[in-house]
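Enquirer: There's a structure below that I have some questions on.
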Amino acid sequence: MAMNTTDTTHIFTDDASGLRSEEMILNMGPQHPSTHGVLRLVLVLDGETVMQCTPVMGYLHRGMEKILENRPYLAGPRYLDNADYLCPMINEVAYAGAVEKIMGVEPPPRAQYIRLIAMELQRIASHLVAVGTYGLDVGATTPVLWCFRDREGILDLFESLSGHRFTHNYMRPGGVVYDLPSGWLGQLQTWIDAFEKRSLPELETLLDGNEIFIARTRGVGVIDKEQALSYALTGPVARASGMDFDIRVQRPEGAYREIAVRSVVRTEGDCYARYRVRLDEMYESVRLVRAAVDRLPGGPISLRSPIALRPPRGEAYYAVESGRGEESIYMISDGSEYPYRVKIRAPSFGNLQILPELLRGNKIGDVIAILGSIDIVLGDVDR
Amino acid sequence: MDIAEKPLLVAFDRDHLATLVSQLDVVDAVVGAPVAKQIMNGGIVGIEVPAAKLLEVATMLRDKVGFEMLTCVTGVDFVDHVQSLYHLRGIAQNWLLQVRVRLDADEPVVDSLYGIYPSANWLEREQYDLVGITYRGHPDLRRIMLDDDFEGHPLRRDFRMTPLTLHDRATTQVSAGRAIAGEQQEGQERGAPKRLGQGSQERLHPGKQTFGSAAVYLSTGQGVVEPTQKKPGKKK
C-alpha cells in the first residue's frame with residue numbers, strides 16, 4: 001500500500017511557445033467503480049495523456065499466506081475461496097492439488113471429473129463477469145445484465161452441489177466433499193443447452209455488433225508477445241498476445257489429461273482480442289463440460305483422509321489455469337498438521353504489473369478500457 | 001539422478017526432463033562446481049545456486065537455455081537461514097525450473113533479477129514486504145501490501161501473531177471481579193488469539209504502537225499497572 005513521494009521536478013514543463021503547462025496528478029480509486037475493487041491508480045497527466053501511472057494496492061490484504069500457515073490442511077481451501085472470489089472452485093483445486101502432490105496421491109477418477117466440471121463452470125462464470133463488466137466499462141450497458149442472469153444459473157448449480165453460492169469449500173485434498181446430488185446432471189444439461197444455444201450467441205452479437213464497443217477496444221492497449229513474456233503474463237491476457245500458454249494444455253492435471261483442451265490464441269494483443277479470447281474460451285469450456293459429463297465415471301469421490309492430515313516433509317508447486325491465468329500454490333510441509341509455508345502465485349497480481357507500461361502515453365479515456373480488459377480481481381492481487 | 005527410482009505422479013515424459021537436466025549442465029560451468037539437479041514431483045527440476053552467482057546463472061538460463069519467464073518468487077524463512085526461490089518457465093519447451101538460493105537469516109540480501117526479468121519487480125517487492133529479503137539493485141524496493149510504517153515482516157517465523165498487550169482494564173473477556181480490583185491476570189497472552197478480529201484488537205500488530213497496546217498505556221499512563229507492583233499469581 002506504499003506510495004512514494006512523487007518527484008516534482010518534471011511537473012512544470014516549458015514548451016516552445018514559452019507557455020508553462022502543468023502536469024496534474026489524479027488519484028483514481030480506491031473507491032471507483034471501474035477499478036473492479038479497491039485499487040488506486042495515481043496518474044500523472046499531461047492534458048489528457050497519461051505520463052505515469054503508479055498502482056497502489058494492498059487495501060484488501062488479509063495476510064492469507066500467514067493465515068494458511070496456522071490452519072490445518074483440510075481447513076486451507078476455504079481461505080483460497082476468498083483470494084480470487086470469482087474463481088473459488090479453481091483456487092481450491094490449486095490448494096488441494098498441492099497437498100496431493102506432497103503426499104504423492106491422486107484423487108479417484110470420479111473426483112477428477114467432478115473437479116473438471118466444476119472448474120470449467122467456474123471459468124464460464126468468471127468470464128461472464130469479466131465480459132459483462134467490461135462491456136459496462138466501455139459503454140455497453142445491456143450485456144452485464146444478461147451475463148449476470150446466466151451466471152446465476154451456475155451459482156444455483158454450485159449451491160446445490162456444495163451448499164454455497166460463492167465460498168464453496170467443495171474441494172479437499174484427496175477429492176471432493178460431496179457427490180453430485182440426484183438430478184444435478186439434468187439441471188446442468190438444461191442450463192448448458194440454453195447457454196450454448198441462446199445466451200452465448202446473443203452475448204456475442206450484442207458486443208461484436210456494438211460500434212462503440214468495437215471502436216473503444218480495437219487497437220487499444222496493445223501488448224506484444226515479448227512484453228507478455230517479460231512481464232510473465234498468463235491467461236487470456238497472454239493468449240490474446242499470441243503466447244500459446246495454457247496450463248491445461250501445457251501441464252494438464254487430473255481429468256485434463258484425458259480430455260484435451262484446445263487453447264484459444266489470438267495475435268492482435270489489443271483489448272478486443274482479450275475480450276474475444278474470453279468469449280471463445282466460454283465455448284471451449286462448454287465443450288469440455290459436455291465431454292466430462294459424457295465420460296463421468298462412477299466410484300468413490302474422495303480418498304479416505306484423516307481430519308488431522310499430516311503430509312510427509314516435502315514441497316510442491318502445483319499450477320492450475322484459473323480464469324485469469326496461472327494460479328499456483330507453492331507449499332512446503334514440515335510433516336506437521338500445519339503447512340510450513342504456502343505461497344499463492346496470483347494471476348491478477350502478475351497481470352496487473354504491466355499496467356503502468358501499458359497506460360503510458362495513452363489517453364485517460366482509455367485507462368478504463370485497458371484496465372478492464374486485463375480483468376483483475378483485487379482479492380487475488382492483494383490476497 | 002533418481003528419475004528411474006521415484007515414480008512421478010504426473011506421467012511426465014522422462015526424456016523431456018532428461019533433456020532439461022542435460023541442458024542445465026551449463027549452470028555447472030557458471031557456478032564452478034557441479035550443481036545437484038533434483039527432479040521434483042510434477043515434472044519440475046530444482047537446482048540450488050550460491051547467492052553470489054544468481055545473476056550470472058539467471059542470465060545464462062534466459063539466454064542459453066530458454067527460460068523466458070519468471071513466474072513466481074517465494075521467500076521462505078527457515079529460522080537458521082532464509083531461502084529465495086524462483087520458478088522459471090520455458091514456454092517453447094514447456095519446462096519448469098525451481099532455482100533456490102540460500103541466504104543469511106539475519107541479513108537476507110540477494111541480487112535483484114529485475115534487470116533480467118522485468119516481472120521480478122513486484123514479485124520481489126512482495127517478498128521484501130512480507131519476508132524481509134532485500135533485493136540488491138531493485139529499482140523500487142518499497143512495501144507493496146502493507147502500510148509504509150508497518151514494522152516487521154509477517155511471514156518471518158519470529159513474527160508474533162498476537163499483540164503483546166496487558167489487558168489490565170475491565171473487559172468482557174476477563175473475570176470482572178479481578179479486573180475491577182486492578183489485578184494482573186495470568187495467561188492473557190495465550191487468550192489473545194481468540195479475541196483477535198474483534199474491534200480494535202484487529203488492528204494491533206507488534207510493530208506499530210496503536211491504541212490498546214501496552215506501550216501506549218505506559219506512555220499515556222492510562223490504566224497502568226506497574227510491572228514491579230504485582231507478582232504474578234499473588235493475590236492482594
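Chains: A, B, ... in order of the C-alpha cells. Residues: from 1 per chain. Ligands: from 1, in order shown.
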Extract, using only C-alpha atoms, all DNA, RNA and protein residues at most 9 Å from A:Leu155, discarding same-chain residues fewer than 5 positions from it, and format them as an MDAnalysis selection string.

Expert: chainID A and resid 122 125 160 164:166

Enquirer: If you keep C-alpha atoms, can you produce a file of those selected residues as an mmCIF file, in the first residue's frame?

Expert:
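Just written: out22.cif:
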```
data_model
loop_
_atom_site.group_PDB
_atom_site.id
_atom_site.type_symbol
_atom_site.label_atom_id
_atom_site.label_comp_id
_atom_site.auth_asym_id
_atom_site.auth_seq_id
_atom_site.Cartn_x
_atom_site.Cartn_y
_atom_site.Cartn_z
ATOM 1 C CA GLN A 122 -16.408 -21.609 -12.729
ATOM 2 C CA ALA A 125 -18.918 -17.742 -14.553
ATOM 3 C CA SER A 160 -26.966 -27.467 -4.920
ATOM 4 C CA HIS A 164 -22.780 -22.311 -1.018
ATOM 5 C CA ARG A 165 -23.058 -19.896 -3.870
ATOM 6 C CA PHE A 166 -19.675 -18.204 -3.539
#
```

Enquirer: Enumerate as a VMD selection string the residues belonging to chain A that approach chain B to within 7 Å, with only C-alpha atoms taken into account.

Expert: chain A and resid 1 to 2 57 to 58 61 66 101 104 229 to 232 245 250 316 341 343 345 382

Enquirer: One number please: atom CA of A:Arg266 to atom CA of A:Asp150, in Å, one decimal.

Expert: 25.7 Å

Enquirer: Would you work out the distance separating atom CA of A:Val144 from atom CA of A:Arg278, expressed in Å to one decimal?

Expert: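 Distance between the two atoms: 14.6 Å.
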
Enquirer: Mind giving me the straight-line distance from atom CA of A:Asn82 to atom CA of A:Val320 in Å, one decimal?

Expert: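 Between these atoms lies a distance of 16.7 Å.
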
Enquirer: Name the residues in contact with A:Ala346 at a cut-off of 9 Å, using only C-alpha atoms, excluding same-chain residues fewer than 4 positions from it; report them as a JSON list (two decimals) with C-alpha atoms, in the first residue's frame.

Expert:
```
[["chain", "number", "residue", "atom", "x", "y", "z"],
["A", 83, "ALA", "CA", -8.41, -14.94, -2.68],
["A", 84, "ASP", "CA", -9.88, -14.84, -6.16],
["A", 324, "ARG", "CA", -7.21, -15.01, -15.21],
["A", 325, "GLY", "CA", -4.09, -17.09, -15.69],
["A", 326, "GLU", "CA", -1.74, -19.31, -13.83],
["A", 327, "GLU", "CA", -2.88, -19.76, -10.27],
["A", 328, "SER", "CA", -0.35, -21.85, -8.45],
["A", 329, "ILE", "CA", 0.45, -22.86, -4.92],
["A", 350, "GLY", "CA", 1.19, -10.84, -12.25],
["A", 351, "ASN", "CA", -1.01, -9.41, -14.97],
["A", 380, "ASP", "CA", -6.44, -12.01, -5.86],
["A", 381, "VAL", "CA", -3.99, -9.13, -6.22],
["A", 382, "ASP", "CA", -3.82, -8.39, -2.51],
["A", 383, "ARG", "CA", -4.58, -11.79, -1.01]]
```

Enquirer: Could you list, as a list in words, every residue within 9 Å of stretch 55-59 of chain B, counting only C-alpha atoms and ignoring same-chain residues fewer than 2 positions away?

Expert: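 Here the answer would be Val26, Val27, Val30, Val31, Val49, Ala51, Ala52, Lys53, Leu61, Arg62, Asp63, Lys64, Phe67, Asp111, Ser112, Leu113, Ile116 and Tyr117 of chain B.
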
Enquirer: When DSSP works through the backbone of this structure, what residues of stretch 31-162 of chain B end up as strand (DSSP E), shown as a PyMOL selection string?

Expert: chain B and resi 37-40+44-48+69-77+81-90+95-104+109-111+134-136
